[in-house]
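With TSV, C-alpha atoms inside, this is structure-v3.tsv:
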chain	number	residue	atom	x	y	z
Z	1	MET	CA	91.30	82.06	111.65
Z	2	THR	CA	90.35	83.33	115.08
Z	3	GLY	CA	87.40	85.61	115.69
Z	4	GLU	CA	89.68	88.44	116.82
Z	5	PHE	CA	91.83	88.20	113.68
Z	6	LYS	CA	88.70	88.21	111.48
Z	7	LEU	CA	87.48	91.32	113.30
Z	8	GLN	CA	90.84	93.05	112.73
Z	9	ILE	CA	90.93	92.21	109.02
Z	10	THR	CA	87.28	93.14	108.52
Z	11	THR	CA	87.75	96.45	110.34
Z	12	LEU	CA	90.87	97.48	108.44
Z	13	LEU	CA	89.64	96.34	105.03
Z	14	GLY	CA	86.28	98.01	105.70
Z	15	LEU	CA	88.04	101.27	106.50
Z	16	VAL	CA	90.16	101.04	103.35
Z	17	ALA	CA	87.08	100.25	101.24
Z	18	LEU	CA	85.28	103.27	102.74
Z	19	LEU	CA	88.23	105.59	102.04
Z	20	TRP	CA	88.51	104.40	98.45
Z	21	ALA	CA	84.75	104.65	97.89
Z	22	ILE	CA	84.78	108.23	99.18
Z	23	GLU	CA	87.68	109.11	96.88
Z	24	ILE	CA	85.97	107.53	93.86
Z	25	VAL	CA	82.80	109.50	94.58
Z	26	ASP	CA	84.86	112.66	95.12
Z	27	GLN	CA	86.67	112.29	91.79
Z	28	VAL	CA	83.71	111.12	89.71
Z	29	VAL	CA	80.80	113.07	91.18
Z	30	PHE	CA	82.37	116.08	92.91
Z	31	ARG	CA	85.41	116.45	90.60
Z	32	GLY	CA	87.85	116.50	93.52
Z	33	ASN	CA	86.08	119.27	95.43
Z	34	LEU	CA	85.33	117.42	98.68
Z	35	TYR	CA	88.57	118.90	100.06
Z	36	ARG	CA	86.38	121.86	101.00
Z	37	LEU	CA	84.98	119.71	103.81
Z	38	GLY	CA	88.47	119.53	105.31
Z	39	ILE	CA	89.95	121.52	108.15
Z	40	ARG	CA	90.06	125.28	107.57
Z	41	PRO	CA	92.22	126.77	110.31
Z	42	ARG	CA	90.57	129.25	112.67
Z	43	SER	CA	87.32	129.20	110.71
Z	44	LEU	CA	84.22	128.26	112.70
Z	45	SER	CA	82.81	126.19	109.84
Z	46	GLY	CA	86.28	124.65	109.41
Z	47	LEU	CA	85.87	122.91	112.77
Z	48	TRP	CA	83.63	120.34	111.04
Z	49	GLY	CA	86.68	119.41	109.00
Z	50	ILE	CA	88.18	117.80	112.10
Z	51	LEU	CA	85.60	115.03	111.68
Z	52	TRP	CA	85.83	114.71	107.90
Z	53	ALA	CA	89.49	115.39	107.07
Z	54	PRO	CA	90.84	111.87	107.81
Z	55	PHE	CA	88.37	110.43	105.27
Z	56	LEU	CA	89.18	112.87	102.47
Z	57	HIS	CA	92.16	112.84	100.11
Z	58	GLY	CA	93.36	115.09	97.33
Z	59	ASN	CA	93.58	112.33	94.72
Z	60	PHE	CA	94.17	108.61	94.30
Z	61	ALA	CA	97.95	108.97	94.70
Z	62	HIS	CA	97.45	110.72	98.06
Z	63	LEU	CA	95.09	107.96	99.23
Z	64	LEU	CA	97.40	105.21	97.98
Z	65	ALA	CA	100.32	106.76	99.90
Z	66	ASN	CA	98.21	106.65	103.09
Z	67	THR	CA	96.65	103.20	102.62
Z	68	VAL	CA	99.64	100.95	103.36
Z	69	PRO	CA	100.85	102.69	106.55
Z	70	LEU	CA	97.26	103.09	107.76
Z	71	VAL	CA	96.68	99.33	107.49
Z	72	SER	CA	100.10	98.13	108.67
Z	73	LEU	CA	100.46	100.48	111.64
Z	74	GLY	CA	96.79	100.11	112.50
Z	75	TRP	CA	97.14	96.34	112.58
Z	76	LEU	CA	100.22	96.54	114.83
Z	77	ILE	CA	98.09	98.50	117.29
Z	78	MET	CA	95.28	95.94	117.04
Z	79	LEU	CA	97.62	93.03	117.81
Z	80	ARG	CA	97.52	93.71	121.54
Z	81	GLU	CA	93.87	94.68	121.73
Z	82	THR	CA	91.52	95.59	118.91
Z	83	GLY	CA	89.81	98.23	121.06
Z	84	ASP	CA	93.12	100.11	121.39
Z	85	TRP	CA	92.98	100.86	117.68
Z	86	LEU	CA	89.69	102.70	118.01
Z	87	VAL	CA	90.93	104.77	120.99
Z	88	VAL	CA	94.24	105.64	119.31
Z	89	SER	CA	92.48	106.51	116.05
Z	90	ALA	CA	90.03	108.84	117.81
Z	91	ILE	CA	92.69	110.59	119.93
Z	92	ALA	CA	95.07	110.97	116.98
Z	93	ALA	CA	92.34	112.33	114.68
Z	94	LEU	CA	91.07	114.76	117.32
Z	95	CYS	CA	94.54	116.03	118.29
Z	96	SER	CA	95.64	116.26	114.67
Z	97	GLY	CA	92.51	118.13	113.69
Z	98	LEU	CA	92.40	120.54	116.63
Z	99	GLY	CA	96.11	121.31	116.41
Z	100	THR	CA	95.86	121.95	112.69
Z	101	TRP	CA	92.79	124.12	113.17
Z	102	LEU	CA	94.64	126.18	115.78
Z	103	ILE	CA	97.96	126.79	114.00
Z	104	GLY	CA	97.41	125.99	110.31
Z	105	ALA	CA	97.77	128.71	107.70
Z	106	PRO	CA	94.61	130.82	107.32
Z	107	GLY	CA	92.68	130.10	104.14
Z	108	SER	CA	94.22	126.65	103.68
Z	109	TYR	CA	92.47	123.28	103.68
Z	110	HIS	CA	93.90	120.21	105.41
Z	111	ILE	CA	92.77	116.70	104.48
Z	112	GLY	CA	94.01	113.12	104.63
Z	113	ALA	CA	94.56	110.24	107.01
Z	114	SER	CA	98.22	111.06	107.58
Z	115	GLY	CA	97.53	112.78	110.91
Z	116	VAL	CA	96.06	109.49	112.13
Z	117	ILE	CA	99.00	107.57	110.65
Z	118	PHE	CA	101.43	109.79	112.54
Z	119	GLY	CA	99.31	109.15	115.64
Z	120	TYR	CA	99.75	105.41	115.12
Z	121	PHE	CA	103.48	105.97	114.68
Z	122	GLY	CA	103.73	108.04	117.88
Z	123	PHE	CA	101.68	105.49	119.81
Z	124	LEU	CA	103.74	102.50	118.71
Z	125	LEU	CA	107.01	104.36	119.13
Z	126	LEU	CA	106.32	105.54	122.69
Z	127	ARG	CA	104.27	102.64	124.01
Z	128	GLY	CA	107.51	100.81	124.75
Z	129	TYR	CA	108.71	103.75	126.81
Z	130	PHE	CA	105.53	103.99	128.87
Z	131	GLU	CA	105.00	100.27	129.39
Z	132	ARG	CA	108.59	99.09	129.62
Z	133	SER	CA	107.58	95.60	128.59
Z	134	ALA	CA	109.74	93.52	126.26
Z	135	VAL	CA	106.92	93.16	123.73
Z	136	ALA	CA	106.10	96.89	123.66
Z	137	ILE	CA	109.79	97.78	123.31
Z	138	ALA	CA	110.17	95.23	120.49
Z	139	PHE	CA	107.24	96.87	118.67
Z	140	SER	CA	108.84	100.29	119.17
Z	141	VAL	CA	112.08	99.04	117.63
Z	142	LEU	CA	110.21	97.37	114.74
Z	143	VAL	CA	108.22	100.53	113.99
Z	144	THR	CA	111.38	102.65	114.14
Z	145	PHE	CA	113.05	100.30	111.68
Z	146	LEU	CA	110.09	100.15	109.28
Z	147	TYR	CA	108.75	103.71	109.49
Z	148	GLY	CA	111.39	105.82	111.24
Z	149	GLY	CA	111.96	107.87	108.10
Z	150	ILE	CA	108.52	109.46	108.33
Z	151	ILE	CA	109.71	111.45	111.34
Z	152	TRP	CA	110.79	114.17	108.86
Z	153	GLY	CA	107.11	114.69	108.07
Z	154	LEU	CA	106.79	116.46	111.42
Z	155	LEU	CA	108.80	119.38	110.05
Z	156	PRO	CA	107.53	122.14	107.74
Z	157	ASN	CA	109.85	121.12	104.91
Z	158	GLN	CA	107.46	120.14	102.09
Z	159	PRO	CA	104.97	122.42	100.32
Z	160	ASN	CA	101.32	121.33	100.39
Z	161	ILE	CA	101.96	118.76	103.14
Z	162	SER	CA	100.20	119.34	106.44
Z	163	TRP	CA	103.10	119.09	108.84
Z	164	GLU	CA	100.72	120.56	111.43
Z	165	GLY	CA	98.43	117.54	111.07
Z	166	HIS	CA	101.41	115.20	111.27
Z	167	LEU	CA	102.86	116.88	114.34
Z	168	PHE	CA	99.63	117.02	116.32
Z	169	GLY	CA	98.65	113.50	115.23
Z	170	PHE	CA	102.03	112.28	116.49
Z	171	LEU	CA	101.49	114.08	119.81
Z	172	GLY	CA	98.01	112.54	120.00
Z	173	GLY	CA	99.56	109.11	119.53
Z	174	ILE	CA	101.97	109.79	122.38
Z	175	LEU	CA	99.04	110.87	124.56
Z	176	ALA	CA	97.19	107.66	123.65
Z	177	ALA	CA	100.29	105.60	124.49
Z	178	ARG	CA	100.39	107.21	127.91
Z	179	LEU	CA	96.68	106.76	128.53
Z	180	LEU	CA	96.56	103.13	127.35
Z	181	ALA	CA	99.85	101.98	128.90
Z	182	LYS	CA	99.41	98.81	130.89
Z	183	PRO	CA	100.73	99.36	134.41
Z	184	ARG	CA	103.92	97.53	135.17
Z	185	ARG	CA	103.62	94.81	137.72
Z	186	GLN	CA	105.34	95.62	140.95
Z	187	PRO	CA	107.29	92.78	142.54
Z	188	GLN	CA	105.30	91.37	145.41
Z	189	PRO	CA	107.06	90.97	148.74
Z	190	LYS	CA	107.46	87.37	149.79
Z	191	ASP	CA	106.44	86.14	153.19
Z	192	PHE	CA	109.03	84.08	155.03
Before we go any further, please render this structure as structure tokens.
Amino acid sequence: MTGEFKLQITTLLGLVALLWAIEIVDQVVFRGNLYRLGIRPRSLSGLWGILWAPFLHGNFAHLLANTVPLVSLGWLIMLRETGDWLVVSAIAALCSGLGTWLIGAPGSYHIGASGVIFGYFGFLLLRGYFERSAVAIAFSVLVTFLYGGIIWGLLPNQPNISWEGHLFGFLGGILAARLLAKPRRQPQPKDF
């Protein structure tokens, strides 16, 4: 096992362990009330939720639903460069959180890693467009095939689901894809 692969596995499994530990503490100690640390739209104190929301979940089922796509999409981002994962995660979380804070329903709380997951989806989907490399396009096709159905989560069609977080996380992923796109090599003129 290479050092880079060990780093990727350790990072992703460490994140999953942290999320599950937080949820266990939330359920056992706080009786599910840590959601109050989430994003509260247009509330000054709710701005702190932008930092905490991706680490908080409503229950074990919510966390379980986020765990597999968080790991699988996160690892696909890490395959090119592990550092990309950190940048995409930060941009997706920030965009998801700020967008939700700006347009979310007043008095609501928004929690969960799904905004980051939608950021990963947007990044992997659009990286092929921005880079125009065969590998990036292949990843875009693979992600569309495996996760294309989640695109409906960008629409306000399910009660108690933060479509705002999904939408702005997705847009954050697109922004990250643009910012991290490797420039295409221009053909060099040949001297005769």
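For Z:Thr82, the residues within 12 Å (counting only C-alpha atoms, excluding itself and residues fewer than 4 positions away along the chain) are Z:Gly3, Z:Glu4, Z:Phe5, Z:Lys6, Z:Leu7, Z:Gln8, Z:Ile9, Z:Thr10, Z:Thr11, Z:Leu12, Z:Gly74, Z:Trp75, Z:Leu76, Z:Ile77, Z:Met78, Z:Leu86, Z:Val87, Z:Val88, Z:Ser89.
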Serialized selection, C-alpha atoms, as a PDB file, keeping the file's coordinate frame:
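And here's out.pdb as it stands now:
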ATOM      1  CA  GLY Z   3      87.400  85.610 115.690  1.00  0.00           C
ATOM      2  CA  GLU Z   4      89.680  88.440 116.820  1.00  0.00           C
ATOM      3  CA  PHE Z   5      91.830  88.200 113.680  1.00  0.00           C
ATOM      4  CA  LYS Z   6      88.700  88.210 111.480  1.00  0.00           C
ATOM      5  CA  LEU Z   7      87.480  91.320 113.300  1.00  0.00           C
ATOM      6  CA  GLN Z   8      90.840  93.050 112.730  1.00  0.00           C
ATOM      7  CA  ILE Z   9      90.930  92.210 109.020  1.00  0.00           C
ATOM      8  CA  THR Z  10      87.280  93.140 108.520  1.00  0.00           C
ATOM      9  CA  THR Z  11      87.750  96.450 110.340  1.00  0.00           C
ATOM     10  CA  LEU Z  12      90.870  97.480 108.440  1.00  0.00           C
ATOM     11  CA  GLY Z  74      96.790 100.110 112.500  1.00  0.00           C
ATOM     12  CA  TRP Z  75      97.140  96.340 112.580  1.00  0.00           C
ATOM     13  CA  LEU Z  76     100.220  96.540 114.830  1.00  0.00           C
ATOM     14  CA  ILE Z  77      98.090  98.500 117.290  1.00  0.00           C
ATOM     15  CA  MET Z  78      95.280  95.940 117.040  1.00  0.00           C
ATOM     16  CA  LEU Z  86      89.690 102.700 118.010  1.00  0.00           C
ATOM     17  CA  VAL Z  87      90.930 104.770 120.990  1.00  0.00           C
ATOM     18  CA  VAL Z  88      94.240 105.640 119.310  1.00  0.00           C
ATOM     19  CA  SER Z  89      92.480 106.510 116.050  1.00  0.00           C
TER      20      SER Z  89
END
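With only C-alpha atoms as the basis for measurement, Z:Trp20 is the residue among Z:Arg80, Z:Trp20, Z:Val29, Z:Leu47 that approaches Z:Leu64 most closely.
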> What would the list of residues within 8 Å of (100.7, 109.8, 112.0) (file frame) look like as a PyMOL selection string, if only C-alpha atoms are what count?
Replying inline: chain Z and resi 92+113-122+166-167+169-170+173
Could the residues in this selection be saved with C-alpha atoms as a PDB file, keeping the file's coordinate frame?
ATOM      1  CA  ALA Z  92      95.070 110.970 116.980  1.00  0.00           C
ATOM      2  CA  ALA Z 113      94.560 110.240 107.010  1.00  0.00           C
ATOM      3  CA  SER Z 114      98.220 111.060 107.580  1.00  0.00           C
ATOM      4  CA  GLY Z 115      97.530 112.780 110.910  1.00  0.00           C
ATOM      5  CA  VAL Z 116      96.060 109.490 112.130  1.00  0.00           C
ATOM      6  CA  ILE Z 117      99.000 107.570 110.650  1.00  0.00           C
ATOM      7  CA  PHE Z 118     101.430 109.790 112.540  1.00  0.00           C
ATOM      8  CA  GLY Z 119      99.310 109.150 115.640  1.00  0.00           C
ATOM      9  CA  TYR Z 120      99.750 105.410 115.120  1.00  0.00           C
ATOM     10  CA  PHE Z 121     103.480 105.970 114.680  1.00  0.00           C
ATOM     11  CA  GLY Z 122     103.730 108.040 117.880  1.00  0.00           C
ATOM     12  CA  HIS Z 166     101.410 115.200 111.270  1.00  0.00           C
ATOM     13  CA  LEU Z 167     102.860 116.880 114.340  1.00  0.00           C
ATOM     14  CA  GLY Z 169      98.650 113.500 115.230  1.00  0.00           C
ATOM     15  CA  PHE Z 170     102.030 112.280 116.490  1.00  0.00           C
ATOM     16  CA  GLY Z 173      99.560 109.110 119.530  1.00  0.00           C
TER      17      GLY Z 173
END
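Using only C-alpha atoms for every distance, the candidate list Z:Val71, Z:Ala17, Z:Ile22, Z:Ala105 yields Z:Ala105 as the residue closest to Z:Asn160.
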Please build the interface table for stretch 103-131 of chain Z against stretch 52-63 of chain Z with a cut-off of 7 Å, listing for each qualifying residue the nearest atom pair and the distance in Å to one decimal; count only C-alpha atoms, order rows by chain and increasing number, and write it as a Markdown table.
| residue | atom | partner | partner_atom | distance |
| --- | --- | --- | --- | --- |
| Z:His110 | CA | Z:Ala53 | CA | 6.7 |
| Z:Ile111 | CA | Z:Ala53 | CA | 4.4 |
| Z:Gly112 | CA | Z:Pro54 | CA | 4.7 |
| Z:Ala113 | CA | Z:Pro54 | CA | 4.1 |
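Atom to atom, atom CA of Z:Gly83 and atom CA of Z:Ala177 stand 13.3 Å apart.
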>> List as a PyMOL selection string the protein and nucleic acid residues near Z:Trp48, meaning an atom at most 8 Å away when all atoms listed in the file are counted, but skip any in the same chain fewer than 5 places from it.
In response: chain Z and resi 37-39
If you keep C-alpha atoms, can you produce a file of those selected residues as a JSON list (two decimals), keeping the file's coordinate frame?
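Listed below is the output, result-v3.json:
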[["chain", "number", "residue", "atom", "x", "y", "z"],
["Z", 37, "LEU", "CA", 84.98, 119.71, 103.81],
["Z", 38, "GLY", "CA", 88.47, 119.53, 105.31],
["Z", 39, "ILE", "CA", 89.95, 121.52, 108.15]]
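With all atoms listed in the file as the atoms that count, the minimum distance from Z:Arg40 to the choices Z:Ile150, Z:Leu171, Z:Ile103, Z:Leu18 is reached by Z:Ile103.
The list of residues within 8 Å of (96.2, 120.2, 111.1), counted using all atoms listed in the file, is Z:Ile39, Z:Pro41, Z:Ser96, Z:Gly97, Z:Leu98, Z:Gly99, Z:Thr100, Z:Trp101, Z:Leu102, Z:Ile103, Z:Gly104, Z:His110, Z:Gly115, Z:Ser162, Z:Trp163, Z:Glu164, Z:Gly165, Z:His166, Z:Phe168.
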Export C-alpha atoms of the chosen residues as a CSV table (one decimal), keeping the file's coordinate frame?
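Produced file selection_20.csv, reproduced below:
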chain,number,residue,atom,x,y,z
Z,39,ILE,CA,90.0,121.5,108.2
Z,41,PRO,CA,92.2,126.8,110.3
Z,96,SER,CA,95.6,116.3,114.7
Z,97,GLY,CA,92.5,118.1,113.7
Z,98,LEU,CA,92.4,120.5,116.6
Z,99,GLY,CA,96.1,121.3,116.4
Z,100,THR,CA,95.9,122.0,112.7
Z,101,TRP,CA,92.8,124.1,113.2
Z,102,LEU,CA,94.6,126.2,115.8
Z,103,ILE,CA,98.0,126.8,114.0
Z,104,GLY,CA,97.4,126.0,110.3
Z,110,HIS,CA,93.9,120.2,105.4
Z,115,GLY,CA,97.5,112.8,110.9
Z,162,SER,CA,100.2,119.3,106.4
Z,163,TRP,CA,103.1,119.1,108.8
Z,164,GLU,CA,100.7,120.6,111.4
Z,165,GLY,CA,98.4,117.5,111.1
Z,166,HIS,CA,101.4,115.2,111.3
Z,168,PHE,CA,99.6,117.0,116.3
> Which residue, Z:Leu34, Z:Leu73, Z:Ala93, Z:Ala181, has the smallest gap to Z:Phe139 when you use all atoms listed in the file?
Replying inline: Z:Leu73
